[in-house]
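K.L.:
Below is entry-v6.cif; it holds mmCIF, C-alpha atoms.
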data_work
loop_
_atom_site.label_atom_id
_atom_site.label_comp_id
_atom_site.auth_asym_id
_atom_site.auth_seq_id
_atom_site.Cartn_x
_atom_site.Cartn_y
_atom_site.Cartn_z
CA MET A 673 0.00 0.00 0.00
CA SER A 674 2.70 2.45 0.96
CA LEU A 675 4.96 3.64 -1.80
CA ALA A 676 7.96 5.84 -1.33
CA ARG A 677 10.49 7.61 -3.45
CA ILE A 678 13.96 8.42 -2.16
CA GLN A 679 16.13 10.99 -3.93
CA LEU A 680 19.89 11.01 -3.43
CA PRO A 681 22.79 12.41 -5.44
CA ASP A 682 24.49 9.84 -7.72
CA GLN A 683 27.56 9.94 -5.55
CA ALA A 684 29.08 11.96 -2.75
CA ALA A 685 32.50 12.72 -1.30
CA ARG A 686 33.33 11.62 2.21
CA GLY A 687 32.32 14.28 4.74
CA GLU A 688 30.04 16.03 2.26
CA ALA A 689 26.53 17.16 3.19
CA VAL A 690 24.22 14.90 1.18
CA GLU A 691 20.69 16.07 0.51
CA VAL A 692 18.31 13.18 1.27
CA ARG A 693 14.70 13.46 0.18
CA ILE A 694 11.88 11.01 0.73
CA THR A 695 8.24 11.23 -0.31
CA ILE A 696 5.81 8.59 0.90
CA ARG A 697 2.40 8.03 -0.63
CA HIS A 698 0.05 8.13 2.36
CA PRO A 699 -3.28 9.96 2.96
CA MET A 700 -2.33 11.15 6.49
CA GLU A 701 -6.07 11.05 7.21
CA THR A 702 -6.81 13.52 9.99
CA GLY A 703 -9.86 11.87 11.57
CA PHE A 704 -11.80 15.14 11.17
CA ARG A 705 -12.66 14.93 7.51
CA ARG A 706 -16.04 13.70 6.26
CA ASP A 707 -16.66 12.13 2.89
CA GLU A 708 -19.44 13.21 0.51
CA ALA A 709 -21.96 11.06 2.39
CA GLY A 710 -21.06 12.82 5.63
CA VAL A 711 -19.26 9.84 7.11
CA ARG A 712 -16.33 10.81 9.25
CA GLN A 713 -13.09 9.34 7.95
CA ARG A 714 -11.13 7.47 10.60
CA ARG A 715 -7.74 8.90 11.45
CA ASN A 716 -4.84 7.14 9.79
CA ALA A 717 -1.53 8.93 9.70
CA ILE A 718 2.09 7.89 9.75
CA VAL A 719 3.11 8.20 13.41
CA ALA A 720 6.80 7.35 13.26
CA LEU A 721 9.56 7.24 10.67
CA VAL A 722 13.16 6.17 11.18
CA CYS A 723 16.12 6.46 8.80
CA ARG A 724 19.22 4.33 9.31
CA TYR A 725 22.50 4.81 7.46
CA ARG A 726 24.74 1.74 7.40
CA GLY A 727 22.69 0.36 10.27
CA THR A 728 22.90 3.44 12.52
CA GLU A 729 19.86 5.58 13.20
CA VAL A 730 20.45 9.06 11.80
CA PHE A 731 16.98 10.60 11.73
CA ARG A 732 13.68 9.90 13.50
CA ALA A 733 10.37 11.70 13.07
CA ILE A 734 7.36 11.30 15.35
CA THR A 735 4.49 12.58 13.27
CA SER A 736 0.75 13.31 13.32
CA PRO A 737 -1.95 14.43 10.88
CA GLY A 738 -0.33 17.87 11.28
CA ILE A 739 1.97 16.64 8.52
CA ALA A 740 0.48 17.01 5.02
CA ALA A 741 -0.74 14.07 2.93
CA ASN A 742 1.99 12.29 0.97
CA PRO A 743 4.58 13.43 3.48
CA THR A 744 7.94 14.63 2.24
CA LEU A 745 11.07 15.06 4.24
CA ARG A 746 14.42 16.55 3.31
CA PHE A 747 17.55 16.53 5.46
CA TYR A 748 21.33 16.68 5.07
CA LEU A 749 23.30 13.58 5.95
CA ARG A 750 27.06 13.61 6.44
CA ALA A 751 28.48 11.13 3.91
CA ASP A 752 30.78 8.59 5.51
CA ARG A 753 31.16 5.39 3.49
CA THR A 754 29.14 3.71 0.77
CA GLY A 755 26.13 2.04 2.31
CA ASP A 756 22.39 1.76 2.47
CA LEU A 757 19.89 4.25 3.75
CA ASP A 758 16.99 2.29 5.21
CA PHE A 759 13.72 4.03 5.93
CA TRP A 760 11.01 2.45 8.05
CA TRP A 761 7.65 3.91 9.07
CA ILE A 762 4.39 2.89 10.71
CA ASP A 763 0.88 4.37 10.65
CA ASP A 764 -2.16 4.39 12.96
CA ASP A 765 -3.34 1.11 11.41
CA ASN A 766 0.01 -0.49 12.32
CA VAL A 767 0.83 -0.80 8.64
CA GLU A 768 4.58 -0.63 8.24
CA GLY A 769 6.48 0.55 5.20
CA THR A 770 10.10 0.42 4.18
CA ALA A 771 12.25 1.96 1.49
CA LYS A 772 15.92 1.65 0.75
CA ALA A 773 18.52 3.52 -1.29
CA ARG A 774 22.27 3.14 -1.66
CA LEU A 775 24.51 6.09 -1.01
CA VAL A 776 27.71 5.82 -3.04
CA VAL A 777 30.65 7.58 -1.42
CA ALA A 778 33.64 7.98 -3.72
CA MET B 25 -9.26 16.72 22.59
CA LYS B 26 -11.27 19.54 24.19
CA ARG B 27 -8.53 19.94 26.76
CA ARG B 28 -6.01 20.37 23.97
CA ARG B 29 -8.13 23.00 22.31
CA PHE B 30 -8.40 24.86 25.59
CA LEU B 31 -4.65 24.72 26.06
CA ALA B 32 -4.14 26.33 22.69
CA PHE B 33 -5.28 29.57 24.30
CA SER B 34 -2.48 29.46 26.84
CA LEU B 35 -0.04 29.82 23.97
CA ALA B 36 -2.19 32.44 22.27
CA ALA B 37 -2.51 34.56 25.37
CA ILE B 38 1.19 35.28 25.61
CA PRO B 39 2.11 38.33 23.57
CA PHE B 40 5.13 38.09 21.32
CA SER B 41 8.16 39.86 22.64
CA GLY B 42 11.21 40.64 20.57
CA THR B 43 13.52 40.84 23.57
CA ALA B 44 15.91 38.02 24.37
CA GLN B 45 14.16 37.04 27.57
CA PRO B 46 13.87 33.34 28.32
CA ASN B 47 10.38 32.03 27.64
CA ALA B 48 9.36 35.40 26.19
CA HIS B 49 7.26 33.88 23.45
CA ILE B 50 6.51 30.46 24.80
CA SER B 51 4.55 29.13 27.72
CA THR B 52 6.77 26.83 29.73
CA ILE B 53 3.79 25.84 31.87
CA ASP B 54 2.08 24.52 28.76
CA PRO B 55 2.09 20.75 29.42
CA LEU B 56 3.00 20.08 25.80
CA VAL B 57 6.06 22.35 26.01
CA ARG B 58 6.93 20.84 29.39
CA SER B 59 6.78 17.35 27.92
CA PHE B 60 9.71 18.35 25.70
CA THR B 61 11.69 20.63 27.99
CA GLY B 62 11.02 19.19 31.43
CA GLY B 63 10.23 22.74 32.54
CA ARG B 64 13.62 24.20 31.61
CA ASP B 65 13.93 27.68 30.12
CA VAL B 66 13.35 28.11 26.43
CA LEU B 67 15.49 30.87 24.92
CA PRO B 68 14.63 32.79 21.77
CA GLY B 69 17.33 32.43 19.11
CA LYS B 70 19.48 29.85 17.30
CA VAL B 71 16.33 28.42 15.66
CA THR B 72 15.00 29.73 12.35
CA LEU B 73 11.50 28.58 11.45
CA VAL B 74 10.84 29.28 7.77
CA LEU B 75 7.16 29.43 6.79
CA PRO B 76 5.43 31.53 4.15
CA LYS B 77 3.70 34.65 5.53
CA ILE B 78 0.51 33.70 3.73
CA ALA B 79 -0.70 30.28 2.60
CA ASP B 80 -3.72 30.09 0.31
CA ASN B 81 -4.44 26.60 1.52
CA GLY B 82 -3.54 24.98 4.83
CA ASN B 83 -3.43 21.45 3.47
CA SER B 84 0.23 21.51 2.51
CA VAL B 85 2.43 24.31 3.79
CA PRO B 86 6.20 23.98 3.30
CA VAL B 87 8.23 24.41 6.45
CA THR B 88 11.99 24.46 7.00
CA VAL B 89 13.66 24.49 10.39
CA LYS B 90 17.33 25.47 10.68
CA VAL B 91 19.29 25.54 13.91
CA ASP B 92 22.61 27.31 14.34
CA SER B 93 24.79 24.37 15.42
CA PRO B 94 28.15 22.90 14.33
CA MET B 95 26.62 19.39 14.53
CA THR B 96 29.71 17.83 16.11
CA ALA B 97 29.75 14.99 18.63
CA ALA B 98 30.28 17.55 21.40
CA ASP B 99 27.81 20.19 20.23
CA HIS B 100 24.73 19.24 18.24
CA VAL B 101 20.97 19.44 18.02
CA ARG B 102 19.13 16.46 19.47
CA SER B 103 15.51 17.29 18.79
CA VAL B 104 13.16 19.73 17.12
CA HIS B 105 9.48 19.98 18.04
CA LEU B 106 6.84 21.73 15.93
CA ILE B 107 3.86 23.06 17.87
CA SER B 108 0.66 24.47 16.42
CA GLU B 109 -1.49 27.03 18.20
CA LYS B 110 -4.78 26.08 16.55
CA ASN B 111 -4.58 22.59 15.09
CA PRO B 112 -6.72 19.97 16.84
CA VAL B 113 -3.45 18.09 17.34
CA ARG B 114 -1.05 20.78 18.57
CA ASP B 115 1.88 18.37 18.77
CA MET B 116 2.45 18.31 15.01
CA ALA B 117 5.78 16.52 14.88
CA SER B 118 9.06 15.91 16.67
CA PHE B 119 12.35 15.16 14.94
CA TYR B 120 15.34 13.46 16.54
CA PHE B 121 18.82 13.43 15.06
CA GLY B 122 22.43 14.15 15.93
CA PRO B 123 25.96 14.55 14.59
CA HIS B 124 25.34 12.09 11.74
CA LEU B 125 23.60 14.96 10.03
CA ALA B 126 25.81 17.53 8.34
CA ARG B 127 23.38 20.35 9.08
CA ALA B 128 20.74 20.92 11.70
CA GLU B 129 18.16 21.55 9.02
CA PHE B 130 15.16 19.78 7.54
CA THR B 131 12.14 20.53 5.40
CA THR B 132 8.66 18.99 5.39
CA ARG B 133 5.04 20.03 4.77
CA LEU B 134 2.45 20.90 7.39
CA ARG B 135 -1.33 20.95 7.67
CA LEU B 136 -2.53 24.11 9.36
CA ASN B 137 -6.05 24.65 10.63
CA GLY B 138 -6.27 28.37 9.98
CA SER B 139 -4.15 31.45 10.65
CA GLN B 140 -2.05 30.94 13.72
CA ARG B 141 1.34 30.97 15.38
CA VAL B 142 3.68 28.06 14.87
CA VAL B 143 6.51 27.39 17.29
CA ALA B 144 9.69 25.35 16.77
CA ILE B 145 11.64 24.28 19.86
CA ALA B 146 15.11 22.78 19.49
CA GLY B 147 16.83 20.76 22.19
CA LEU B 148 20.64 20.90 22.10
CA SER B 149 23.21 18.40 23.34
CA ASP B 150 24.15 20.71 26.24
CA GLY B 151 20.58 20.44 27.56
CA SER B 152 19.50 23.94 26.50
CA PHE B 153 16.30 24.72 24.57
CA TRP B 154 15.88 27.39 21.92
CA SER B 155 12.89 28.41 19.87
CA ASP B 156 11.39 30.50 17.12
CA LEU B 157 7.81 31.59 16.53
CA VAL B 158 6.17 32.50 13.24
CA GLN B 159 2.74 33.97 12.57
CA ILE B 160 1.18 32.59 9.41
CA GLU B 161 -2.01 33.61 7.65
CA VAL B 162 -3.87 30.62 6.22
CA ARG B 163 -6.63 31.63 3.80
CA GLU B 164 -8.32 28.24 3.69
CA ALA B 165 -7.95 26.01 6.76
CA ALA B 166 -6.92 22.40 6.33
CA CYS B 167 -9.25 20.51 8.63
CA THR B 168 -12.79 21.42 9.46
CA GLU B 169 -13.76 20.64 13.00
CA ASP B 170 -17.36 20.41 14.07
#
Starting from the file, lay out its structure as structure tokens.
P.N.:
Amino acid sequence: MSLARIQLPDQAARGEAVEVRITIRHPMETGFRRDEAGVRQRRNAIVALVCRYRGTEVFRAITSPGIAANPTLRFYLRADRTGDLDFWWIDDDNVEGTAKARLVVA
Amino acid sequence: MKRRRFLAFSLAAIPFSGTAQPNAHISTIDPLVRSFTGGRDVLPGKVTLVLPKIADNGNSVPVTVKVDSPMTAADHVRSVHLISEKNPVRDMASFYFGPHLARAEFTTRLRLNGSQRVVAIAGLSDGSFWSDLVQIEVREAACTED
């Protein structure tokens, strides 16, 4: 159900600030919205997201419906060595998602 | 939820002050603020909260938070909390990171339920807390409460 896109530069130099972007397809349903029939839509938002770089946690977000639908996040990682960026997240329905990208450090 | 809405007024009631007084633009007795700071002083400065002055639509408002920090093992930002004055969920998001990041900066998108003040509080590795406050005009609110 969850789909994500990670954007990274093709390669980075050691010590460089690497712009990491992720966009996750998710409604971030607030729990306050009603559909056309007037039925209140149950809240379902991503509540936590963790990014690990070569196995070490580098960024964690605890989120709510105060974050817009299809959440995007951009931060600047310090490039160390070539390795994977692993994203993991979970929503109010306990549905987990993952996404992975390889950071190449020349 | 009603309690949260009531508490929003405690933040609203405090007038903005441009002076560098601790807690000048934040209520440290606000239980939400306390849950992050443990009651310690929150100083204005170091944090830059970047939001547009006016958003036509509150459904997706870009926000960037930057903190003046060298991001070294000895001196870095540990957390950033984004607090809304008027959203039904005031505790919009918290972000935790450290010296693995090259910059104490990130960007995301918020939902804002109408014109309001937004506060960013940053917790540093030395245990201090710093903040910034921005007033934003939202022409069309994101969530309609009833």
K.L.:
I'd like the residues picked by the PyMOL selection byres ((chain B) within 9 of (chain A)) written out as a PyMOL selection string, using the chain letters and numbers from the file.
P.N.:
chain B and resi 82-85+108+111-137+167-170
K.L.:
Would you work out the distance separating atom CA of Val142 of chain B from atom CA of Gly769 of chain A, expressed in Å to one decimal?
P.N.:
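Atom CA of Val142 of chain B sits 29.3 Å away from atom CA of Gly769 of chain A.
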K.L.:
Taking all atoms listed in the file into account, which of B:Ser149, B:Asn81, B:Gln140, B:Asn47 comes nearest Ala97 of chain B?
P.N.:
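Once distances to Ala97 of chain B are computed over all atoms listed in the file, the minimum belongs to B:Ser149.
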K.L.:
Could you tell me, as a PDB file with C-alpha atoms, keeping the file's coordinate frame, exactly which residues end up selected when the PyMOL selection byres ((chain B and resi 103) around 6) is applied to this structure?
P.N.:
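Here's the written file out.pdb:
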ATOM      1  CA  VAL B 101      20.970  19.440  18.020  1.00  0.00           C
ATOM      2  CA  ARG B 102      19.130  16.460  19.470  1.00  0.00           C
ATOM      3  CA  VAL B 104      13.160  19.730  17.120  1.00  0.00           C
ATOM      4  CA  PHE B 119      12.350  15.160  14.940  1.00  0.00           C
ATOM      5  CA  TYR B 120      15.340  13.460  16.540  1.00  0.00           C
ATOM      6  CA  ALA B 146      15.110  22.780  19.490  1.00  0.00           C
ATOM      7  CA  GLY B 147      16.830  20.760  22.190  1.00  0.00           C
TER       8      GLY B 147
END
K.L.:
Expanded to explicit residues, what is the PyMOL selection byres ((chain B and resi 75) around 6) for this file, as a list in words?
P.N.:
Val74, Pro76 and Val87 of chain B
K.L.:
Export, as a PDB file, keeping the file's coordinate frame, the selected residues with C-alpha atoms.
P.N.:
ATOM      1  CA  VAL B  74      10.840  29.280   7.770  1.00  0.00           C
ATOM      2  CA  PRO B  76       5.430  31.530   4.150  1.00  0.00           C
ATOM      3  CA  VAL B  87       8.230  24.410   6.450  1.00  0.00           C
TER       4      VAL B  87
END
K.L.:
With distances taken over all atoms listed in the file, which of B:Leu106, B:Val71, B:Ile78, B:Val57 is nearest to Lys90 of chain B?
P.N.:
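Of B:Leu106, B:Val71, B:Ile78, B:Val57, the one nearest Lys90 of chain B, counting all atoms listed in the file, is B:Val71.
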K.L.:
One decimal, Å: what's the distance from atom CA of Pro46 of chain B over to atom CA of Asp99 of chain B, could you say?
P.N.:
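Distance between the two atoms: 20.8 Å.
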K.L.:
In Å, with one decimal, what is the gap from atom CA of Ala165 of chain B to atom CA of Glu701 of chain A?
P.N.:
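Computing it gives 15.1 Å between the two atoms.
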K.L.:
Set the distance at 9 Å and use only C-alpha atoms: which residues neighbour Ala684 of chain A once local chain neighbours fewer than 6 positions away are removed? I'd like the list as a ChimeraX atom specification.
P.N.:
/A:690,751,754,775-778
K.L.:
Point out the residue among B:Val89, B:Leu67, B:Ile160, B:Ile53 with the least atom-to-atom distance to His105 of chain B, counting all atoms listed in the file.
P.N.:
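Of B:Val89, B:Leu67, B:Ile160, B:Ile53, the one nearest His105 of chain B is B:Val89, counting all atoms listed in the file.
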K.L.:
Can you pull out every residue within 7 Å of Ala771 of chain A, counting all atoms listed in the file, but drop anything in the same chain fewer than 6 positions away, and send it as a PyMOL selection string?
P.N.:
chain A and resi 676+758-760
K.L.:
Please determine, counting only C-alpha atoms, which residue among B:Leu73, B:Pro68, B:Gly138, B:Ser59 has the shortest atom-to-atom distance to Val162 of chain B.
P.N.:
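Nearest candidate to Val162 of chain B out of B:Leu73, B:Pro68, B:Gly138, B:Ser59: B:Gly138.
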